[in-house]
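protein_1.cif, holding mmCIF, C-alpha atoms:
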```
data_model
loop_
_atom_site.group_PDB
_atom_site.id
_atom_site.type_symbol
_atom_site.label_atom_id
_atom_site.label_comp_id
_atom_site.auth_asym_id
_atom_site.auth_seq_id
_atom_site.Cartn_x
_atom_site.Cartn_y
_atom_site.Cartn_z
ATOM 1 C CA MET A 1 0.000 0.000 0.000
ATOM 2 C CA ARG A 2 1.436 3.355 -1.031
ATOM 3 C CA SER A 3 -1.445 5.731 -0.216
ATOM 4 C CA LEU A 4 -4.092 5.849 2.493
ATOM 5 C CA TYR A 5 -6.789 8.522 2.307
ATOM 6 C CA THR A 6 -9.172 8.714 5.272
ATOM 7 C CA ASP A 7 -10.209 12.353 4.868
ATOM 8 C CA ALA A 8 -13.570 13.197 6.497
ATOM 9 C CA ASN A 9 -14.463 9.701 7.683
ATOM 10 C CA LEU A 10 -15.560 10.624 11.232
ATOM 11 C CA LEU A 11 -12.548 8.826 12.746
ATOM 12 C CA SER A 12 -11.944 9.638 16.420
ATOM 13 C CA GLY A 13 -9.521 8.800 19.200
ATOM 14 C CA GLU A 14 -5.773 8.357 19.326
ATOM 15 C CA ILE A 15 -3.679 6.745 16.613
ATOM 16 C CA PRO A 16 -1.931 3.631 17.999
ATOM 17 C CA ASP A 17 1.850 3.424 17.686
ATOM 18 C CA CYS A 18 1.826 0.170 15.725
ATOM 19 C CA TRP A 19 2.249 1.239 12.092
ATOM 20 C CA ASN A 20 4.477 -0.975 10.005
ATOM 21 C CA HIS A 21 3.895 0.390 6.525
ATOM 22 C CA ARG A 22 7.397 1.082 5.278
ATOM 23 C CA PHE A 23 6.236 1.797 1.738
ATOM 24 C CA LEU A 24 3.411 4.187 2.629
ATOM 25 C CA ASN A 25 4.072 7.477 0.810
ATOM 26 C CA TYR A 26 0.849 9.440 1.381
ATOM 27 C CA LEU A 27 -1.272 9.470 4.521
ATOM 28 C CA ASP A 28 -4.315 11.737 4.654
ATOM 29 C CA LEU A 29 -5.976 11.888 8.084
ATOM 30 C CA ALA A 30 -7.556 15.334 7.655
ATOM 31 C CA ASN A 31 -11.017 16.430 8.784
ATOM 32 C CA ASN A 32 -11.551 13.761 11.417
ATOM 33 C CA ASN A 33 -11.606 13.959 15.212
ATOM 34 C CA LEU A 34 -8.224 12.402 15.948
ATOM 35 C CA THR A 35 -6.440 13.297 19.188
ATOM 36 C CA GLY A 36 -3.142 12.572 20.872
ATOM 37 C CA LYS A 37 0.426 12.402 19.704
ATOM 38 C CA ILE A 38 1.713 11.926 16.184
ATOM 39 C CA THR A 39 3.253 8.517 16.747
ATOM 40 C CA PRO A 40 6.884 7.811 15.790
ATOM 41 C CA SER A 41 5.913 4.758 13.730
ATOM 42 C CA LEU A 42 3.962 7.030 11.344
ATOM 43 C CA LEU A 43 7.062 9.058 10.531
ATOM 44 C CA HIS A 44 9.336 6.891 8.444
ATOM 45 C CA LYS A 45 11.706 7.713 5.592
ATOM 46 C CA ASP A 46 9.314 6.805 2.745
ATOM 47 C CA LEU A 47 6.426 8.981 3.977
ATOM 48 C CA ARG A 48 6.260 12.056 1.740
ATOM 49 C CA LEU A 49 2.928 13.577 2.792
ATOM 50 C CA LEU A 50 1.129 13.550 6.122
ATOM 51 C CA ASN A 51 -2.068 15.597 6.090
ATOM 52 C CA HIS A 52 -3.458 15.872 9.616
ATOM 53 C CA ARG A 53 -5.240 19.244 9.435
ATOM 54 C CA LYS A 54 -8.462 19.829 11.348
ATOM 55 C CA ASN A 55 -7.670 17.291 14.067
ATOM 56 C CA SER A 56 -6.363 17.740 17.622
ATOM 57 C CA MET A 57 -3.096 15.895 17.202
ATOM 58 C CA PHE A 58 0.254 17.136 18.487
ATOM 59 C CA GLY A 59 3.921 16.188 18.449
ATOM 60 C CA GLU A 60 7.136 16.792 16.580
ATOM 61 C CA LEU A 61 7.604 16.076 12.888
ATOM 62 C CA THR A 62 10.906 14.967 11.443
ATOM 63 C CA SER A 63 12.810 17.516 9.388
ATOM 64 C CA THR A 64 12.829 15.156 6.384
ATOM 65 C CA LEU A 65 9.043 15.030 6.147
#
```

Show the structure stored in the file as structure tokens.
Amino acid sequence: MRSLYTDANLLSGEIPDCWNHRFLNYLDLANNNLTGKITPSLLHKDLRLLNHRKNSMFGELTSTL
């Protein structure tokens, strides 16, 4: 899987730190009700786009993202 688009799907809660998608390039989590930290397992070297606008997530992003 290279892209995952979940924009405006009424998702809520925290994102678990169990991602193992090394080849995921695009992750769109925008316009949901997600909370909590941006988990380290989301931020890997192949991820080129992380759209998390209009959520209540927080945390540091890597400089390579």

The centre and edge lengths of an axis-aligned box containing all atoms of region 42-55 of chain A present in the file, extended by 8 Å on each side, are to be given in Å to one decimal, as JSON.
```
{"center_x": 1.6, "center_y": 13.3, "center_z": 7.9, "size_x": 36.2, "size_y": 29.0, "size_z": 28.3}
```

task = Kindly indicate which residue among A:Asn32, A:Met1, A:Glu14, A:Leu27 lies nearest to Phe58 (chain A), using all atoms listed in the file for the distances.
result = A:Glu14

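Matched in the shown structure by the PyMOL selection byres ((chain A and resi 30) around 6): Asp7, Asp28, Leu29, Asn31, Asn32, Asn51, His52, Arg53 and Lys54 of chain A.
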
task = Work out how far apart CA of Gly13 (chain A) and CA of Ile38 (chain A) are and give it in Å to one decimal.
result = 12.0 Å

request  = Go through A:Gly36, A:Ser56, A:Lys45, A:Leu50 one by one, measure the shortest atom-to-atom distance of each to Asp17 (chain A) using only C-alpha atoms, and give the residue with the smallest value.
outcome  =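 Ranked by minimum distance to Asp17 (chain A), first place goes to A:Gly36.
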
CA of Phe23 (chain A) to CA of Pro40 (chain A), distance in Å rounded to a single decimal = 15.3 Å

ask   = On this structure, which residues satisfy the PyMOL selection byres ((chain A and resi 41) around 12), written as a list in words?
value =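 This file, filtered by the PyMOL selection byres ((chain A and resi 41) around 12), leaves Ile15, Pro16, Asp17, Cys18, Trp19, Asn20, His21, Arg22, Leu24, Lys37, Ile38, Thr39, Pro40, Leu42, Leu43, His44, Lys45, Asp46, Leu47, Leu61 and Thr62 of chain A.
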
Two-atom distance - CA of Arg48 (chain A), CA of Glu60 (chain A) (Å) = 15.6 Å

task = Go through the shown structure with the PyMOL selection byres ((chain A and resi 12) around 6) and write out the matching residues as an MDAnalysis selection string.
result = chainID A and resid 11 13 33:34
